Amino acid sequence: MMKMPNLGLGTFRLKDQPLRDSLLQGLELGYRHIDTAQIYDNEAEVGQLMSESGVPRQEIYLTTKVWTSEFGPGKLIPSLEVSLEKLGTDYLDLALIHWPSPKDEVPMAVYLEQLAEAKARGLTREIGVSNFTVAQLKEAIEVLGPGVIAHQQVEIHPLLQNRKVVEFCQAHGIAITAYMPLAYGKVLAEPLLMEIGQRHG
């Protein structure tokens, strides 16, 4: 099983030419982790560009995220099968729950058990969550047992360090994927970071 590369290429808000440019250039530069989501509405384009790139599928670590509308009984696995079809692949490297169910409309056990079933069926090699609080992570571990949730994807950058969540994940062997690491460019404008950058050229 392929280990998640340290750097990933996110496709949030990317479609058409901007998606084509960033994904093909990213793969050319050596990026091998591509992150998309059902709600981004670009899985089919991502799949098409991956096949155009000429990089073999087994060299790419591919993540998608299941949207909250697909959590109900019997819905999650068919939704992942649609994602796989759009992405033009028969497996994901990582399938994540994009956000916890709003106001717990769908009990966590309902969607997490379906996600675990998707892994058991070989639709995805690893499973995880995104945007979960410490309390929600505890509940998820209670539902699935320790060691099942491989990843938590959460916003982390110098301006938002989410330390409690990070510490909890580290203590429970859950790898962290930090999204928006540059905070839409705000990080690059931080005076202290600019000063550090200048010091190191």
# chains A, B, ... in the order shown; residues from 1 in each chain; ligands from 1
>>> residues_around(residues="Leu182 of chain A", least_positions_apart="2", cutoff="12 Å", atoms="only C-alpha atoms", output="ChimeraX atom specification")
/A:155-161,178-180,184-190,193
>>> write_last_selection(atoms="N, CA and C atoms", output="PDB file, in the first residue's frame")
ATOM      1  N   GLU A 155      -7.866  22.194   8.885  1.00  0.00           N
ATOM      2  CA  GLU A 155      -7.137  23.425   8.560  1.00  0.00           C
ATOM      3  C   GLU A 155      -6.030  23.673   9.584  1.00  0.00           C
ATOM      4  N   ILE A 156      -4.812  23.755   9.085  1.00  0.00           N
ATOM      5  CA  ILE A 156      -3.665  24.033   9.962  1.00  0.00           C
ATOM      6  C   ILE A 156      -2.656  24.884   9.191  1.00  0.00           C
ATOM      7  N   HIS A 157      -2.243  25.967   9.817  1.00  0.00           N
ATOM      8  CA  HIS A 157      -1.180  26.805   9.266  1.00  0.00           C
ATOM      9  C   HIS A 157      -0.662  27.666  10.419  1.00  0.00           C
ATOM     10  N   PRO A 158       0.390  28.460  10.183  1.00  0.00           N
ATOM     11  CA  PRO A 158       0.953  29.215  11.305  1.00  0.00           C
ATOM     12  C   PRO A 158      -0.056  30.112  12.039  1.00  0.00           C
ATOM     13  N   LEU A 159      -1.140  30.525  11.358  1.00  0.00           N
ATOM     14  CA  LEU A 159      -2.113  31.421  11.989  1.00  0.00           C
ATOM     15  C   LEU A 159      -3.245  30.654  12.685  1.00  0.00           C
ATOM     16  N   LEU A 160      -3.333  29.362  12.437  1.00  0.00           N
ATOM     17  CA  LEU A 160      -4.358  28.520  13.065  1.00  0.00           C
ATOM     18  C   LEU A 160      -3.745  27.143  13.271  1.00  0.00           C
ATOM     19  N   GLN A 161      -3.283  26.885  14.495  1.00  0.00           N
ATOM     20  CA  GLN A 161      -2.454  25.699  14.684  1.00  0.00           C
ATOM     21  C   GLN A 161      -3.205  24.473  15.213  1.00  0.00           C
ATOM     22  N   ALA A 178      -2.828  18.663   6.722  1.00  0.00           N
ATOM     23  CA  ALA A 178      -3.123  20.083   6.957  1.00  0.00           C
ATOM     24  C   ALA A 178      -3.604  20.699   5.657  1.00  0.00           C
ATOM     25  N   TYR A 179      -4.839  21.244   5.677  1.00  0.00           N
ATOM     26  CA  TYR A 179      -5.275  21.931   4.459  1.00  0.00           C
ATOM     27  C   TYR A 179      -5.174  23.444   4.635  1.00  0.00           C
ATOM     28  N   MET A 180      -5.163  24.139   3.495  1.00  0.00           N
ATOM     29  CA  MET A 180      -4.963  25.604   3.442  1.00  0.00           C
ATOM     30  C   MET A 180      -3.701  26.013   4.210  1.00  0.00           C
ATOM     31  N   TYR A 184      -4.762  30.983   2.243  1.00  0.00           N
ATOM     32  CA  TYR A 184      -5.071  31.853   1.093  1.00  0.00           C
ATOM     33  C   TYR A 184      -4.037  32.964   0.932  1.00  0.00           C
ATOM     34  N   GLY A 185      -2.781  32.660   1.216  1.00  0.00           N
ATOM     35  CA  GLY A 185      -1.707  33.628   1.007  1.00  0.00           C
ATOM     36  C   GLY A 185      -1.414  34.535   2.187  1.00  0.00           C
ATOM     37  N   LYS A 186      -2.306  34.508   3.210  1.00  0.00           N
ATOM     38  CA  LYS A 186      -2.082  35.389   4.371  1.00  0.00           C
ATOM     39  C   LYS A 186      -0.772  35.063   5.081  1.00  0.00           C
ATOM     40  N   VAL A 187      -0.428  33.777   5.099  1.00  0.00           N
ATOM     41  CA  VAL A 187       0.813  33.349   5.762  1.00  0.00           C
ATOM     42  C   VAL A 187       2.021  34.040   5.130  1.00  0.00           C
ATOM     43  N   LEU A 188       1.964  34.202   3.809  1.00  0.00           N
ATOM     44  CA  LEU A 188       3.099  34.785   3.084  1.00  0.00           C
ATOM     45  C   LEU A 188       3.274  36.269   3.383  1.00  0.00           C
ATOM     46  N   ALA A 189       2.216  36.890   3.931  1.00  0.00           N
ATOM     47  CA  ALA A 189       2.279  38.322   4.233  1.00  0.00           C
ATOM     48  C   ALA A 189       2.555  38.594   5.719  1.00  0.00           C
ATOM     49  N   GLU A 190       2.748  37.540   6.503  1.00  0.00           N
ATOM     50  CA  GLU A 190       3.016  37.708   7.939  1.00  0.00           C
ATOM     51  C   GLU A 190       4.409  38.327   8.133  1.00  0.00           C
ATOM     52  N   LEU A 193       7.160  35.954   9.452  1.00  0.00           N
ATOM     53  CA  LEU A 193       7.551  34.924   8.488  1.00  0.00           C
ATOM     54  C   LEU A 193       8.339  35.528   7.330  1.00  0.00           C
TER      55      LEU A 193
END
>>> atom_distance(atom1="atom CA of Val148 of chain A", atom2="atom CA of Ser130 of chain A")
14.4 Å
>>> closest_residue(among="A:Leu96, A:Met194, A:Ala37, A:Leu137", to="Cys169 of chain A", atoms="only C-alpha atoms")
A:Leu137
>>> closest_residue(among="A:Leu115, A:Val110, A:Leu84, A:Val55", to="Ile97 of chain A", atoms="only C-alpha atoms")
A:Leu115
>>> closest_residue(among="A:Pro181, A:Gly122, A:Pro146, A:Gly8", to="Tyr61 of chain A", atoms="only C-alpha atoms")
A:Gly8
>>> atom_distance(atom1="atom CA of Lys138 of chain A", atom2="atom CA of Ile77 of chain A")
23.6 Å
>>> atom_distance(atom1="atom CA of Leu80 of chain A", atom2="atom CA of Gly54 of chain A")
24.2 Å
>>> residues_around(residues="Lys3 of chain A", least_positions_apart="2", cutoff="12 Å", atoms="only C-alpha atoms", output="PyMOL selection string")
chain A and resi 1+5-7+32-33+58-62+93-94+125-126+150-151+175
>>> residues_around(residues="Pro102 of chain A", least_positions_apart="4", cutoff="12 Å", atoms="only C-alpha atoms", output="list in words")
Trp67, Thr68, Ser69, Phe71, His98, Val106, Pro107, Met108, Asn131 and Phe132 of chain A
>>> write_last_selection(atoms="C-alpha atoms", output="mmCIF file, in the first residue's frame")
data_model
loop_
_atom_site.group_PDB
_atom_site.id
_atom_site.type_symbol
_atom_site.label_atom_id
_atom_site.label_comp_id
_atom_site.auth_asym_id
_atom_site.auth_seq_id
_atom_site.Cartn_x
_atom_site.Cartn_y
_atom_site.Cartn_z
ATOM 1 C CA TRP A 67 -20.311 14.901 1.335
ATOM 2 C CA THR A 68 -22.857 15.122 4.169
ATOM 3 C CA SER A 69 -25.811 14.473 1.811
ATOM 4 C CA PHE A 71 -24.446 9.786 4.931
ATOM 5 C CA HIS A 98 -15.783 15.626 4.652
ATOM 6 C CA VAL A 106 -27.311 11.218 10.720
ATOM 7 C CA PRO A 107 -25.776 9.345 13.676
ATOM 8 C CA MET A 108 -22.018 8.983 13.347
ATOM 9 C CA ASN A 131 -12.934 18.738 10.241
ATOM 10 C CA PHE A 132 -13.663 16.633 13.347
#
>>> select_by_dssp(residues="segment 13-94 of chain A", states="strand (DSSP E or B)", output="PDB file with N, CA, C and O atoms, in the first residue's frame")
ATOM      1  N   HIS A  33       0.272  13.256  -4.590  1.00  0.00           N
ATOM      2  CA  HIS A  33      -0.954  13.143  -3.800  1.00  0.00           C
ATOM      3  C   HIS A  33      -1.950  14.161  -4.342  1.00  0.00           C
ATOM      4  O   HIS A  33      -1.679  15.354  -4.339  1.00  0.00           O
ATOM      5  N   ILE A  34      -3.097  13.675  -4.805  1.00  0.00           N
ATOM      6  CA  ILE A  34      -4.141  14.565  -5.321  1.00  0.00           C
ATOM      7  C   ILE A  34      -5.356  14.430  -4.418  1.00  0.00           C
ATOM      8  O   ILE A  34      -5.800  13.326  -4.094  1.00  0.00           O
ATOM      9  N   ASP A  35      -5.886  15.590  -4.011  1.00  0.00           N
ATOM     10  CA  ASP A  35      -7.022  15.632  -3.088  1.00  0.00           C
ATOM     11  C   ASP A  35      -8.209  16.311  -3.758  1.00  0.00           C
ATOM     12  O   ASP A  35      -8.096  17.434  -4.240  1.00  0.00           O
ATOM     13  N   TYR A  61      -1.343   8.980  -5.067  1.00  0.00           N
ATOM     14  CA  TYR A  61      -2.141   8.780  -3.851  1.00  0.00           C
ATOM     15  C   TYR A  61      -3.360   9.675  -3.996  1.00  0.00           C
ATOM     16  O   TYR A  61      -3.250  10.901  -4.019  1.00  0.00           O
ATOM     17  N   LEU A  62      -4.524   9.048  -4.126  1.00  0.00           N
ATOM     18  CA  LEU A  62      -5.747   9.777  -4.458  1.00  0.00           C
ATOM     19  C   LEU A  62      -6.722   9.793  -3.280  1.00  0.00           C
ATOM     20  O   LEU A  62      -7.093   8.747  -2.753  1.00  0.00           O
ATOM     21  N   THR A  63      -7.115  10.984  -2.889  1.00  0.00           N
ATOM     22  CA  THR A  63      -8.075  11.180  -1.799  1.00  0.00           C
ATOM     23  C   THR A  63      -9.344  11.824  -2.337  1.00  0.00           C
ATOM     24  O   THR A  63      -9.267  12.786  -3.105  1.00  0.00           O
ATOM     25  N   THR A  64     -10.503  11.318  -1.908  1.00  0.00           N
ATOM     26  CA  THR A  64     -11.733  12.085  -2.084  1.00  0.00           C
ATOM     27  C   THR A  64     -12.499  12.082  -0.768  1.00  0.00           C
ATOM     28  O   THR A  64     -12.181  11.315   0.147  1.00  0.00           O
ATOM     29  N   LYS A  65     -13.483  12.977  -0.685  1.00  0.00           N
ATOM     30  CA  LYS A  65     -14.220  13.163   0.560  1.00  0.00           C
ATOM     31  C   LYS A  65     -15.719  13.036   0.303  1.00  0.00           C
ATOM     32  O   LYS A  65     -16.222  13.589  -0.681  1.00  0.00           O
ATOM     33  N   VAL A  66     -16.397  12.300   1.190  1.00  0.00           N
ATOM     34  CA  VAL A  66     -17.827  12.041   1.037  1.00  0.00           C
ATOM     35  C   VAL A  66     -18.607  13.207   1.648  1.00  0.00           C
ATOM     36  O   VAL A  66     -18.383  13.577   2.803  1.00  0.00           O
ATOM     37  N   LEU A  92      -9.702   4.018  -4.269  1.00  0.00           N
ATOM     38  CA  LEU A  92      -9.153   5.253  -3.703  1.00  0.00           C
ATOM     39  C   LEU A  92      -8.030   4.862  -2.758  1.00  0.00           C
ATOM     40  O   LEU A  92      -8.053   3.779  -2.184  1.00  0.00           O
ATOM     41  N   ASP A  93      -7.084   5.742  -2.566  1.00  0.00           N
ATOM     42  CA  ASP A  93      -6.083   5.512  -1.524  1.00  0.00           C
ATOM     43  C   ASP A  93      -6.649   5.929  -0.173  1.00  0.00           C
ATOM     44  O   ASP A  93      -6.363   5.310   0.850  1.00  0.00           O
ATOM     45  N   LEU A  94      -7.475   6.982  -0.183  1.00  0.00           N
ATOM     46  CA  LEU A  94      -8.055   7.478   1.066  1.00  0.00           C
ATOM     47  C   LEU A  94      -9.442   8.046   0.795  1.00  0.00           C
ATOM     48  O   LEU A  94      -9.616   8.865  -0.099  1.00  0.00           O
TER      49      LEU A  94
END
>>> residues_around(residues="Leu49 of chain A", least_positions_apart="6", cutoff="10 Å", atoms="only C-alpha atoms", output="ChimeraX atom specification")
/A:19-21,23-24,27,43,55,87
>>> closest_residue(among="A:Ala135, A:Val154, A:Val165, A:Ile39", to="Arg13 of chain A", atoms="only C-alpha atoms")
A:Ile39
>>> decode(residues="segment 88-102 of chain A", atoms="all heavy atoms", output="PDB file, in the first residue's frame")
ATOM      1  N   GLY A  88     -12.322   7.594 -12.716  1.00  0.00           N
ATOM      2  CA  GLY A  88     -11.750   6.640 -13.657  1.00  0.00           C
ATOM      3  C   GLY A  88     -10.790   5.656 -13.017  1.00  0.00           C
ATOM      4  O   GLY A  88      -9.779   5.280 -13.604  1.00  0.00           O
ATOM      5  N   THR A  89     -11.115   5.248 -11.791  1.00  0.00           N
ATOM      6  CA  THR A  89     -10.244   4.315 -11.080  1.00  0.00           C
ATOM      7  C   THR A  89     -11.112   3.316 -10.316  1.00  0.00           C
ATOM      8  O   THR A  89     -12.291   3.573 -10.083  1.00  0.00           O
ATOM      9  CB  THR A  89      -9.314   5.078 -10.097  1.00  0.00           C
ATOM     10  OG1 THR A  89      -8.431   4.144  -9.462  1.00  0.00           O
ATOM     11  CG2 THR A  89     -10.096   5.818  -9.019  1.00  0.00           C
ATOM     12  N   ASP A  90     -10.535   2.177  -9.958  1.00  0.00           N
ATOM     13  CA  ASP A  90     -11.348   1.199  -9.221  1.00  0.00           C
ATOM     14  C   ASP A  90     -11.038   1.201  -7.719  1.00  0.00           C
ATOM     15  O   ASP A  90     -11.585   0.400  -6.978  1.00  0.00           O
ATOM     16  CB  ASP A  90     -11.216  -0.217  -9.814  1.00  0.00           C
ATOM     17  CG  ASP A  90      -9.770  -0.673  -9.922  1.00  0.00           C
ATOM     18  OD1 ASP A  90      -8.870   0.068  -9.455  1.00  0.00           O
ATOM     19  OD2 ASP A  90      -9.533  -1.767 -10.461  1.00  0.00           O
ATOM     20  N   TYR A  91     -10.165   2.107  -7.287  1.00  0.00           N
ATOM     21  CA  TYR A  91      -9.921   2.222  -5.840  1.00  0.00           C
ATOM     22  C   TYR A  91      -9.441   3.628  -5.499  1.00  0.00           C
ATOM     23  O   TYR A  91      -8.868   4.327  -6.325  1.00  0.00           O
ATOM     24  CB  TYR A  91      -8.871   1.201  -5.370  1.00  0.00           C
ATOM     25  CG  TYR A  91      -7.448   1.549  -5.798  1.00  0.00           C
ATOM     26  CD1 TYR A  91      -6.582   2.219  -4.935  1.00  0.00           C
ATOM     27  CD2 TYR A  91      -6.982   1.229  -7.076  1.00  0.00           C
ATOM     28  CE1 TYR A  91      -5.293   2.560  -5.327  1.00  0.00           C
ATOM     29  CE2 TYR A  91      -5.694   1.568  -7.476  1.00  0.00           C
ATOM     30  CZ  TYR A  91      -4.863   2.228  -6.605  1.00  0.00           C
ATOM     31  OH  TYR A  91      -3.594   2.575  -6.995  1.00  0.00           O
ATOM     32  N   LEU A  92      -9.702   4.018  -4.269  1.00  0.00           N
ATOM     33  CA  LEU A  92      -9.153   5.253  -3.703  1.00  0.00           C
ATOM     34  C   LEU A  92      -8.030   4.862  -2.758  1.00  0.00           C
ATOM     35  O   LEU A  92      -8.053   3.779  -2.184  1.00  0.00           O
ATOM     36  CB  LEU A  92     -10.216   5.991  -2.902  1.00  0.00           C
ATOM     37  CG  LEU A  92     -11.375   6.582  -3.700  1.00  0.00           C
ATOM     38  CD1 LEU A  92     -12.560   6.849  -2.785  1.00  0.00           C
ATOM     39  CD2 LEU A  92     -10.937   7.857  -4.410  1.00  0.00           C
ATOM     40  N   ASP A  93      -7.084   5.742  -2.566  1.00  0.00           N
ATOM     41  CA  ASP A  93      -6.083   5.512  -1.524  1.00  0.00           C
ATOM     42  C   ASP A  93      -6.649   5.929  -0.173  1.00  0.00           C
ATOM     43  O   ASP A  93      -6.363   5.310   0.850  1.00  0.00           O
ATOM     44  CB  ASP A  93      -4.793   6.269  -1.852  1.00  0.00           C
ATOM     45  CG  ASP A  93      -4.153   5.683  -3.101  1.00  0.00           C
ATOM     46  OD1 ASP A  93      -3.503   4.634  -2.990  1.00  0.00           O
ATOM     47  OD2 ASP A  93      -4.366   6.244  -4.194  1.00  0.00           O
ATOM     48  N   LEU A  94      -7.475   6.982  -0.183  1.00  0.00           N
ATOM     49  CA  LEU A  94      -8.055   7.478   1.066  1.00  0.00           C
ATOM     50  C   LEU A  94      -9.442   8.046   0.795  1.00  0.00           C
ATOM     51  O   LEU A  94      -9.616   8.865  -0.099  1.00  0.00           O
ATOM     52  CB  LEU A  94      -7.147   8.566   1.667  1.00  0.00           C
ATOM     53  CG  LEU A  94      -7.601   9.238   2.964  1.00  0.00           C
ATOM     54  CD1 LEU A  94      -7.703   8.235   4.114  1.00  0.00           C
ATOM     55  CD2 LEU A  94      -6.642  10.359   3.351  1.00  0.00           C
ATOM     56  N   ALA A  95     -10.416   7.582   1.580  1.00  0.00           N
ATOM     57  CA  ALA A  95     -11.763   8.159   1.541  1.00  0.00           C
ATOM     58  C   ALA A  95     -12.032   8.788   2.900  1.00  0.00           C
ATOM     59  O   ALA A  95     -11.839   8.145   3.940  1.00  0.00           O
ATOM     60  CB  ALA A  95     -12.804   7.081   1.230  1.00  0.00           C
ATOM     61  N   LEU A  96     -12.446  10.049   2.871  1.00  0.00           N
ATOM     62  CA  LEU A  96     -12.683  10.788   4.112  1.00  0.00           C
ATOM     63  C   LEU A  96     -14.152  11.187   4.230  1.00  0.00           C
ATOM     64  O   LEU A  96     -14.817  11.445   3.228  1.00  0.00           O
ATOM     65  CB  LEU A  96     -11.854  12.086   4.129  1.00  0.00           C
ATOM     66  CG  LEU A  96     -10.335  11.976   4.067  1.00  0.00           C
ATOM     67  CD1 LEU A  96      -9.724  13.370   3.943  1.00  0.00           C
ATOM     68  CD2 LEU A  96      -9.779  11.277   5.298  1.00  0.00           C
ATOM     69  N   ILE A  97     -14.616  11.295   5.460  1.00  0.00           N
ATOM     70  CA  ILE A  97     -15.876  11.963   5.755  1.00  0.00           C
ATOM     71  C   ILE A  97     -15.547  13.457   5.745  1.00  0.00           C
ATOM     72  O   ILE A  97     -14.687  13.900   6.508  1.00  0.00           O
ATOM     73  CB  ILE A  97     -16.405  11.522   7.144  1.00  0.00           C
ATOM     74  CG1 ILE A  97     -16.760  10.031   7.142  1.00  0.00           C
ATOM     75  CG2 ILE A  97     -17.578  12.399   7.578  1.00  0.00           C
ATOM     76  CD1 ILE A  97     -17.864   9.621   6.183  1.00  0.00           C
ATOM     77  N   HIS A  98     -16.203  14.236   4.872  1.00  0.00           N
ATOM     78  CA  HIS A  98     -15.783  15.626   4.652  1.00  0.00           C
ATOM     79  C   HIS A  98     -16.024  16.519   5.875  1.00  0.00           C
ATOM     80  O   HIS A  98     -15.177  17.326   6.259  1.00  0.00           O
ATOM     81  CB  HIS A  98     -16.519  16.197   3.439  1.00  0.00           C
ATOM     82  CG  HIS A  98     -15.824  17.340   2.796  1.00  0.00           C
ATOM     83  ND1 HIS A  98     -15.873  17.576   1.449  1.00  0.00           N
ATOM     84  CD2 HIS A  98     -15.050  18.326   3.309  1.00  0.00           C
ATOM     85  CE1 HIS A  98     -15.162  18.671   1.160  1.00  0.00           C
ATOM     86  NE2 HIS A  98     -14.649  19.142   2.275  1.00  0.00           N
ATOM     87  N   TRP A  99     -17.210  16.399   6.470  1.00  0.00           N
ATOM     88  CA  TRP A  99     -17.571  17.119   7.690  1.00  0.00           C
ATOM     89  C   TRP A  99     -18.448  16.180   8.502  1.00  0.00           C
ATOM     90  O   TRP A  99     -19.143  15.351   7.917  1.00  0.00           O
ATOM     91  CB  TRP A  99     -18.387  18.384   7.389  1.00  0.00           C
ATOM     92  CG  TRP A  99     -17.610  19.532   6.826  1.00  0.00           C
ATOM     93  CD1 TRP A  99     -17.361  19.784   5.508  1.00  0.00           C
ATOM     94  CD2 TRP A  99     -16.981  20.595   7.568  1.00  0.00           C
ATOM     95  NE1 TRP A  99     -16.611  20.940   5.381  1.00  0.00           N
ATOM     96  CE2 TRP A  99     -16.370  21.451   6.626  1.00  0.00           C
ATOM     97  CE3 TRP A  99     -16.877  20.904   8.930  1.00  0.00           C
ATOM     98  CZ2 TRP A  99     -15.660  22.593   6.989  1.00  0.00           C
ATOM     99  CZ3 TRP A  99     -16.171  22.046   9.288  1.00  0.00           C
ATOM    100  CH2 TRP A  99     -15.569  22.878   8.332  1.00  0.00           C
ATOM    101  N   PRO A 100     -18.479  16.316   9.812  1.00  0.00           N
ATOM    102  CA  PRO A 100     -19.449  15.532  10.575  1.00  0.00           C
ATOM    103  C   PRO A 100     -20.875  15.913  10.134  1.00  0.00           C
ATOM    104  O   PRO A 100     -21.081  17.005   9.605  1.00  0.00           O
ATOM    105  CB  PRO A 100     -19.209  15.963  12.031  1.00  0.00           C
ATOM    106  CG  PRO A 100     -17.915  16.716  12.026  1.00  0.00           C
ATOM    107  CD  PRO A 100     -17.709  17.246  10.645  1.00  0.00           C
ATOM    108  N   SER A 101     -21.824  15.016  10.335  1.00  0.00           N
ATOM    109  CA  SER A 101     -23.204  15.303   9.945  1.00  0.00           C
ATOM    110  C   SER A 101     -23.710  16.548  10.673  1.00  0.00           C
ATOM    111  O   SER A 101     -23.641  16.640  11.898  1.00  0.00           O
ATOM    112  CB  SER A 101     -24.102  14.119  10.292  1.00  0.00           C
ATOM    113  OG  SER A 101     -25.425  14.384   9.906  1.00  0.00           O
ATOM    114  N   PRO A 102     -24.231  17.541   9.922  1.00  0.00           N
ATOM    115  CA  PRO A 102     -24.710  18.771  10.565  1.00  0.00           C
ATOM    116  C   PRO A 102     -25.778  18.466  11.622  1.00  0.00           C
ATOM    117  O   PRO A 102     -26.718  17.722  11.345  1.00  0.00           O
ATOM    118  CB  PRO A 102     -25.309  19.575   9.401  1.00  0.00           C
ATOM    119  CG  PRO A 102     -24.682  19.002   8.174  1.00  0.00           C
ATOM    120  CD  PRO A 102     -24.419  17.562   8.469  1.00  0.00           C
TER     121      PRO A 102
END
